>>> print(open('entry04.txt').read())   # compact mmCIF, N, CA and C atoms
# COMPACT_ATOMS: atom_id res chain seq x y z
N MET A 1 28.97 -206.00 -178.53
CA MET A 1 29.59 -206.43 -179.76
C MET A 1 30.30 -207.76 -179.52
N GLU A 2 30.11 -208.68 -180.42
CA GLU A 2 30.73 -209.98 -180.29
C GLU A 2 32.15 -209.96 -180.84
N TRP A 3 32.98 -210.83 -180.31
CA TRP A 3 34.37 -210.92 -180.75
C TRP A 3 34.45 -211.35 -182.22
N THR A 4 33.48 -212.09 -182.71
CA THR A 4 33.50 -212.53 -184.11
C THR A 4 33.44 -211.36 -185.07
N VAL A 5 32.82 -210.27 -184.65
CA VAL A 5 32.78 -209.07 -185.49
C VAL A 5 34.18 -208.50 -185.65
N ILE A 6 34.93 -208.45 -184.56
CA ILE A 6 36.32 -207.96 -184.60
C ILE A 6 37.16 -208.89 -185.46
N GLU A 7 36.98 -210.18 -185.28
CA GLU A 7 37.75 -211.15 -186.07
C GLU A 7 37.48 -211.00 -187.56
N ALA A 8 36.26 -210.65 -187.91
CA ALA A 8 35.91 -210.49 -189.32
C ALA A 8 36.54 -209.23 -189.92
N LEU A 9 36.85 -208.24 -189.09
CA LEU A 9 37.41 -206.99 -189.59
C LEU A 9 38.91 -207.05 -189.81
N ILE A 10 39.61 -207.86 -189.02
CA ILE A 10 41.07 -207.91 -189.08
C ILE A 10 41.50 -209.16 -189.85
N VAL A 11 42.43 -208.97 -190.76
CA VAL A 11 42.97 -210.07 -191.55
C VAL A 11 43.75 -211.00 -190.62
N PRO A 12 43.46 -212.31 -190.63
CA PRO A 12 44.12 -213.24 -189.71
C PRO A 12 45.65 -213.27 -189.83
N GLU A 13 46.17 -212.95 -190.99
CA GLU A 13 47.62 -212.97 -191.20
C GLU A 13 48.33 -211.90 -190.38
N LEU A 14 47.58 -210.96 -189.82
CA LEU A 14 48.18 -209.87 -189.05
C LEU A 14 48.19 -210.14 -187.55
N ALA A 15 47.96 -211.38 -187.14
CA ALA A 15 47.99 -211.72 -185.71
C ALA A 15 49.37 -211.44 -185.13
N GLY A 16 50.41 -211.70 -185.88
CA GLY A 16 51.76 -211.41 -185.42
C GLY A 16 51.99 -209.92 -185.24
N VAL A 17 51.41 -209.11 -186.11
CA VAL A 17 51.53 -207.66 -186.00
C VAL A 17 50.80 -207.19 -184.75
N LEU A 18 49.67 -207.79 -184.44
CA LEU A 18 48.95 -207.44 -183.23
C LEU A 18 49.81 -207.72 -182.00
N ALA A 19 50.45 -208.89 -181.97
CA ALA A 19 51.33 -209.23 -180.85
C ALA A 19 52.51 -208.26 -180.78
N LEU A 20 53.07 -207.91 -181.94
CA LEU A 20 54.17 -206.95 -181.98
C LEU A 20 53.74 -205.59 -181.43
N CYS A 21 52.55 -205.15 -181.81
CA CYS A 21 52.04 -203.87 -181.31
C CYS A 21 51.89 -203.90 -179.79
N TRP A 22 51.42 -205.02 -179.27
CA TRP A 22 51.26 -205.15 -177.82
C TRP A 22 52.62 -205.05 -177.13
N VAL A 23 53.62 -205.76 -177.66
CA VAL A 23 54.96 -205.75 -177.07
C VAL A 23 55.60 -204.36 -177.18
N VAL A 24 55.44 -203.72 -178.32
CA VAL A 24 56.00 -202.37 -178.50
C VAL A 24 55.34 -201.40 -177.52
N GLY A 25 54.04 -201.48 -177.36
CA GLY A 25 53.34 -200.62 -176.42
C GLY A 25 53.78 -200.87 -174.99
N TYR A 26 53.96 -202.12 -174.63
CA TYR A 26 54.43 -202.46 -173.28
C TYR A 26 55.84 -201.93 -173.06
N GLY A 27 56.70 -202.11 -174.05
CA GLY A 27 58.06 -201.60 -173.94
C GLY A 27 58.09 -200.08 -173.85
N ALA A 28 57.25 -199.43 -174.62
CA ALA A 28 57.19 -197.96 -174.58
C ALA A 28 56.69 -197.48 -173.21
N LYS A 29 55.75 -198.22 -172.63
CA LYS A 29 55.23 -197.86 -171.31
C LYS A 29 56.32 -197.95 -170.25
N LEU A 30 57.22 -198.91 -170.40
CA LEU A 30 58.30 -199.09 -169.43
C LEU A 30 59.45 -198.11 -169.62
N THR A 31 59.46 -197.41 -170.76
CA THR A 31 60.53 -196.46 -171.06
C THR A 31 60.17 -195.11 -170.44
N PRO A 32 60.98 -194.64 -169.48
CA PRO A 32 60.62 -193.41 -168.77
C PRO A 32 60.60 -192.15 -169.64
N ARG A 33 61.36 -192.13 -170.71
CA ARG A 33 61.43 -190.92 -171.52
C ARG A 33 60.28 -190.78 -172.52
N ILE A 34 59.45 -191.80 -172.65
CA ILE A 34 58.32 -191.75 -173.57
C ILE A 34 57.06 -191.42 -172.78
N PRO A 35 56.43 -190.28 -173.05
CA PRO A 35 55.19 -189.93 -172.32
C PRO A 35 54.04 -190.86 -172.74
N ASP A 36 53.12 -191.07 -171.81
CA ASP A 36 52.00 -191.99 -172.06
C ASP A 36 51.18 -191.60 -173.29
N TRP A 37 50.99 -190.29 -173.52
CA TRP A 37 50.16 -189.86 -174.65
C TRP A 37 50.79 -190.23 -175.99
N LEU A 38 52.08 -190.47 -176.02
CA LEU A 38 52.77 -190.78 -177.28
C LEU A 38 52.70 -192.27 -177.65
N ILE A 39 52.39 -193.11 -176.66
CA ILE A 39 52.42 -194.57 -176.89
C ILE A 39 51.43 -194.99 -177.97
N ILE A 40 50.23 -194.45 -177.96
CA ILE A 40 49.23 -194.84 -178.95
C ILE A 40 49.68 -194.51 -180.36
N TYR A 41 50.39 -193.40 -180.52
CA TYR A 41 50.88 -193.03 -181.85
C TYR A 41 52.01 -193.95 -182.29
N ILE A 42 52.86 -194.35 -181.37
CA ILE A 42 53.94 -195.29 -181.69
C ILE A 42 53.36 -196.64 -182.09
N VAL A 43 52.42 -197.13 -181.31
CA VAL A 43 51.79 -198.42 -181.61
C VAL A 43 51.06 -198.37 -182.95
N THR A 44 50.36 -197.28 -183.22
CA THR A 44 49.66 -197.13 -184.50
C THR A 44 50.64 -197.10 -185.66
N ALA A 45 51.73 -196.37 -185.52
CA ALA A 45 52.74 -196.31 -186.58
C ALA A 45 53.32 -197.69 -186.85
N VAL A 46 53.61 -198.45 -185.81
CA VAL A 46 54.13 -199.81 -185.99
C VAL A 46 53.10 -200.67 -186.71
N GLY A 47 51.84 -200.58 -186.29
CA GLY A 47 50.79 -201.36 -186.92
C GLY A 47 50.63 -201.04 -188.40
N VAL A 48 50.64 -199.77 -188.74
CA VAL A 48 50.45 -199.35 -190.14
C VAL A 48 51.66 -199.76 -190.98
N VAL A 49 52.86 -199.52 -190.48
CA VAL A 49 54.06 -199.87 -191.25
C VAL A 49 54.15 -201.38 -191.46
N MET A 50 53.95 -202.15 -190.40
CA MET A 50 54.04 -203.61 -190.54
C MET A 50 52.94 -204.17 -191.46
N SER A 51 51.74 -203.61 -191.35
CA SER A 51 50.66 -204.05 -192.24
C SER A 51 50.98 -203.70 -193.68
N GLY A 52 51.54 -202.52 -193.89
CA GLY A 52 51.93 -202.14 -195.24
C GLY A 52 53.00 -203.05 -195.81
N LEU A 53 53.97 -203.42 -194.98
CA LEU A 53 55.03 -204.32 -195.45
C LEU A 53 54.50 -205.71 -195.76
N LEU A 54 53.55 -206.18 -194.97
CA LEU A 54 53.03 -207.54 -195.17
C LEU A 54 51.96 -207.63 -196.24
N MET A 55 51.13 -206.59 -196.37
CA MET A 55 49.99 -206.64 -197.29
C MET A 55 50.20 -205.84 -198.57
N GLY A 56 51.26 -205.05 -198.59
CA GLY A 56 51.42 -204.12 -199.70
C GLY A 56 50.77 -202.80 -199.32
N TRP A 57 51.30 -201.72 -199.85
CA TRP A 57 50.82 -200.39 -199.45
C TRP A 57 49.51 -200.05 -200.13
N GLY A 58 48.56 -199.60 -199.35
CA GLY A 58 47.26 -199.20 -199.87
C GLY A 58 46.35 -198.83 -198.72
N VAL A 59 45.16 -198.44 -199.08
CA VAL A 59 44.18 -198.02 -198.08
C VAL A 59 43.84 -199.18 -197.14
N ASP A 60 43.69 -200.37 -197.70
CA ASP A 60 43.35 -201.53 -196.87
C ASP A 60 44.41 -201.81 -195.82
N SER A 61 45.68 -201.71 -196.20
CA SER A 61 46.75 -202.00 -195.23
C SER A 61 46.80 -200.93 -194.13
N VAL A 62 46.52 -199.69 -194.48
CA VAL A 62 46.49 -198.64 -193.46
C VAL A 62 45.34 -198.89 -192.48
N ILE A 63 44.18 -199.22 -193.01
CA ILE A 63 43.02 -199.51 -192.15
C ILE A 63 43.31 -200.71 -191.27
N GLN A 64 43.89 -201.75 -191.84
CA GLN A 64 44.23 -202.93 -191.05
C GLN A 64 45.25 -202.60 -189.96
N GLY A 65 46.23 -201.76 -190.28
CA GLY A 65 47.22 -201.36 -189.30
C GLY A 65 46.61 -200.61 -188.13
N VAL A 66 45.69 -199.71 -188.44
CA VAL A 66 45.02 -198.95 -187.39
C VAL A 66 44.15 -199.88 -186.54
N LEU A 67 43.44 -200.80 -187.18
CA LEU A 67 42.60 -201.75 -186.44
C LEU A 67 43.44 -202.64 -185.53
N VAL A 68 44.55 -203.15 -186.05
CA VAL A 68 45.42 -204.02 -185.25
C VAL A 68 45.97 -203.25 -184.04
N ALA A 69 46.40 -202.02 -184.27
CA ALA A 69 46.92 -201.21 -183.16
C ALA A 69 45.82 -200.94 -182.14
N ALA A 70 44.62 -200.64 -182.61
CA ALA A 70 43.50 -200.36 -181.70
C ALA A 70 43.16 -201.58 -180.86
N VAL A 71 43.15 -202.75 -181.46
CA VAL A 71 42.86 -203.97 -180.70
C VAL A 71 43.97 -204.26 -179.69
N ALA A 72 45.21 -203.99 -180.06
CA ALA A 72 46.32 -204.18 -179.12
C ALA A 72 46.18 -203.27 -177.91
N VAL A 73 45.86 -202.01 -178.14
CA VAL A 73 45.70 -201.06 -177.03
C VAL A 73 44.47 -201.44 -176.19
N TYR A 74 43.39 -201.81 -176.87
CA TYR A 74 42.17 -202.22 -176.16
C TYR A 74 42.45 -203.46 -175.31
N GLY A 75 43.14 -204.43 -175.88
CA GLY A 75 43.48 -205.65 -175.14
C GLY A 75 44.32 -205.35 -173.92
N ASN A 76 45.28 -204.46 -174.07
CA ASN A 76 46.10 -204.07 -172.93
C ASN A 76 45.26 -203.42 -171.84
N GLN A 77 44.33 -202.57 -172.22
CA GLN A 77 43.47 -201.91 -171.24
C GLN A 77 42.53 -202.90 -170.54
N VAL A 78 42.06 -203.89 -171.27
CA VAL A 78 41.19 -204.91 -170.66
C VAL A 78 41.97 -205.66 -169.58
N VAL A 79 43.19 -206.07 -169.91
CA VAL A 79 44.01 -206.79 -168.94
C VAL A 79 44.31 -205.90 -167.73
N LYS A 80 44.68 -204.65 -168.00
CA LYS A 80 45.02 -203.72 -166.92
C LYS A 80 43.81 -203.48 -166.01
N GLN A 81 42.64 -203.24 -166.59
CA GLN A 81 41.46 -202.96 -165.78
C GLN A 81 40.98 -204.21 -165.03
N ALA A 82 41.10 -205.38 -165.65
CA ALA A 82 40.71 -206.61 -164.97
C ALA A 82 41.62 -206.88 -163.78
N THR A 83 42.91 -206.64 -163.96
CA THR A 83 43.86 -206.82 -162.86
C THR A 83 43.60 -205.80 -161.76
N LYS A 84 43.34 -204.57 -162.14
CA LYS A 84 43.04 -203.52 -161.17
C LYS A 84 41.76 -203.84 -160.40
N GLY A 85 40.75 -204.32 -161.12
CA GLY A 85 39.49 -204.69 -160.48
C GLY A 85 39.64 -205.87 -159.54
N ALA A 86 40.45 -206.85 -159.93
CA ALA A 86 40.69 -208.01 -159.08
C ALA A 86 41.43 -207.60 -157.81
N ASN A 87 42.37 -206.68 -157.94
CA ASN A 87 43.12 -206.21 -156.77
C ASN A 87 42.21 -205.41 -155.84
N ASN A 88 41.32 -204.60 -156.40
CA ASN A 88 40.38 -203.83 -155.59
C ASN A 88 39.40 -204.74 -154.85
N ASP A 89 38.95 -205.82 -155.53
CA ASP A 89 38.05 -206.76 -154.90
C ASP A 89 38.72 -207.51 -153.77
N ALA A 90 40.01 -207.80 -153.91
CA ALA A 90 40.75 -208.51 -152.87
C ALA A 90 40.95 -207.64 -151.64
N ASP A 91 41.05 -206.32 -151.84
CA ASP A 91 41.26 -205.39 -150.73
C ASP A 91 39.97 -205.17 -149.92
N ALA A 92 38.83 -205.38 -150.54
CA ALA A 92 37.56 -205.08 -149.89
C ALA A 92 37.19 -206.07 -148.82
>>> encode(input="entry04.txt", output="structure tokens")
Amino acid sequence: MEWTVIEALIVPELAGVLALCWVVGYGAKLTPRIPDWLIIYIVTAVGVVMSGLLMGWGVDSVIQGVLVAAVAVYGNQVVKQATKGANNDADA
């Protein structure tokens, strides 16, 4: 899948919400009292609420919020796995 497909699905005005979701997820990961399984729900809630506030409440804003949260989590995993892979390659 090309990145242009993802760009076509997410409203460009929500780039700030995507960054916010990434920061919230990172902060939640660093918080010892928040279990890892809960982070995705927190990030999704932030994405949906912020999209609703910026776009107005409706089905489109909920879908956009979920998409933004999903891309934030996916982006975090790509960075994490790339770093992990680079460290493993250096050890070999």
>>> closest_residue(input="entry04.txt", among="A:Pro32, A:Trp22, A:Val48, A:Pro12", to="Val71 of chain A", atoms="only C-alpha atoms")
A:Trp22
>>> atom_distance(input="entry04.txt", atom1="atom CA of Leu18 of chain A", atom2="atom C of Val59 of chain A")
17.0 Å
>>> closest_residue(input="entry04.txt", among="A:Gly58, A:Gly16, A:Gly52, A:Gly25", to="Tyr74 of chain A", atoms="only C-alpha atoms")
A:Gly25
>>> closest_residue(input="entry04.txt", among="A:Thr31, A:Trp37, A:Ala45, A:Tyr26", to="Ile63 of chain A", atoms="only C-alpha atoms")
A:Ala45
>>> closest_residue(input="entry04.txt", among="A:Val73, A:Ser61, A:Gly56, A:Gly85", to="Ile42 of chain A", atoms="only C-alpha atoms")
A:Val73
>>> closest_residue(input="entry04.txt", among="A:Ile34, A:Ile10, A:Ala19, A:Val43", to="Ala69 of chain A", atoms="all atoms listed in the file")
A:Val43
>>> atom_distance(input="entry04.txt", atom1="atom CA of Thr83 of chain A", atom2="atom CA of Ala8 of chain A")
27.9 Å
>>> atom_distance(input="entry04.txt", atom1="atom CA of Val46 of chain A", atom2="atom CA of Thr4 of chain A")
24.3 Å
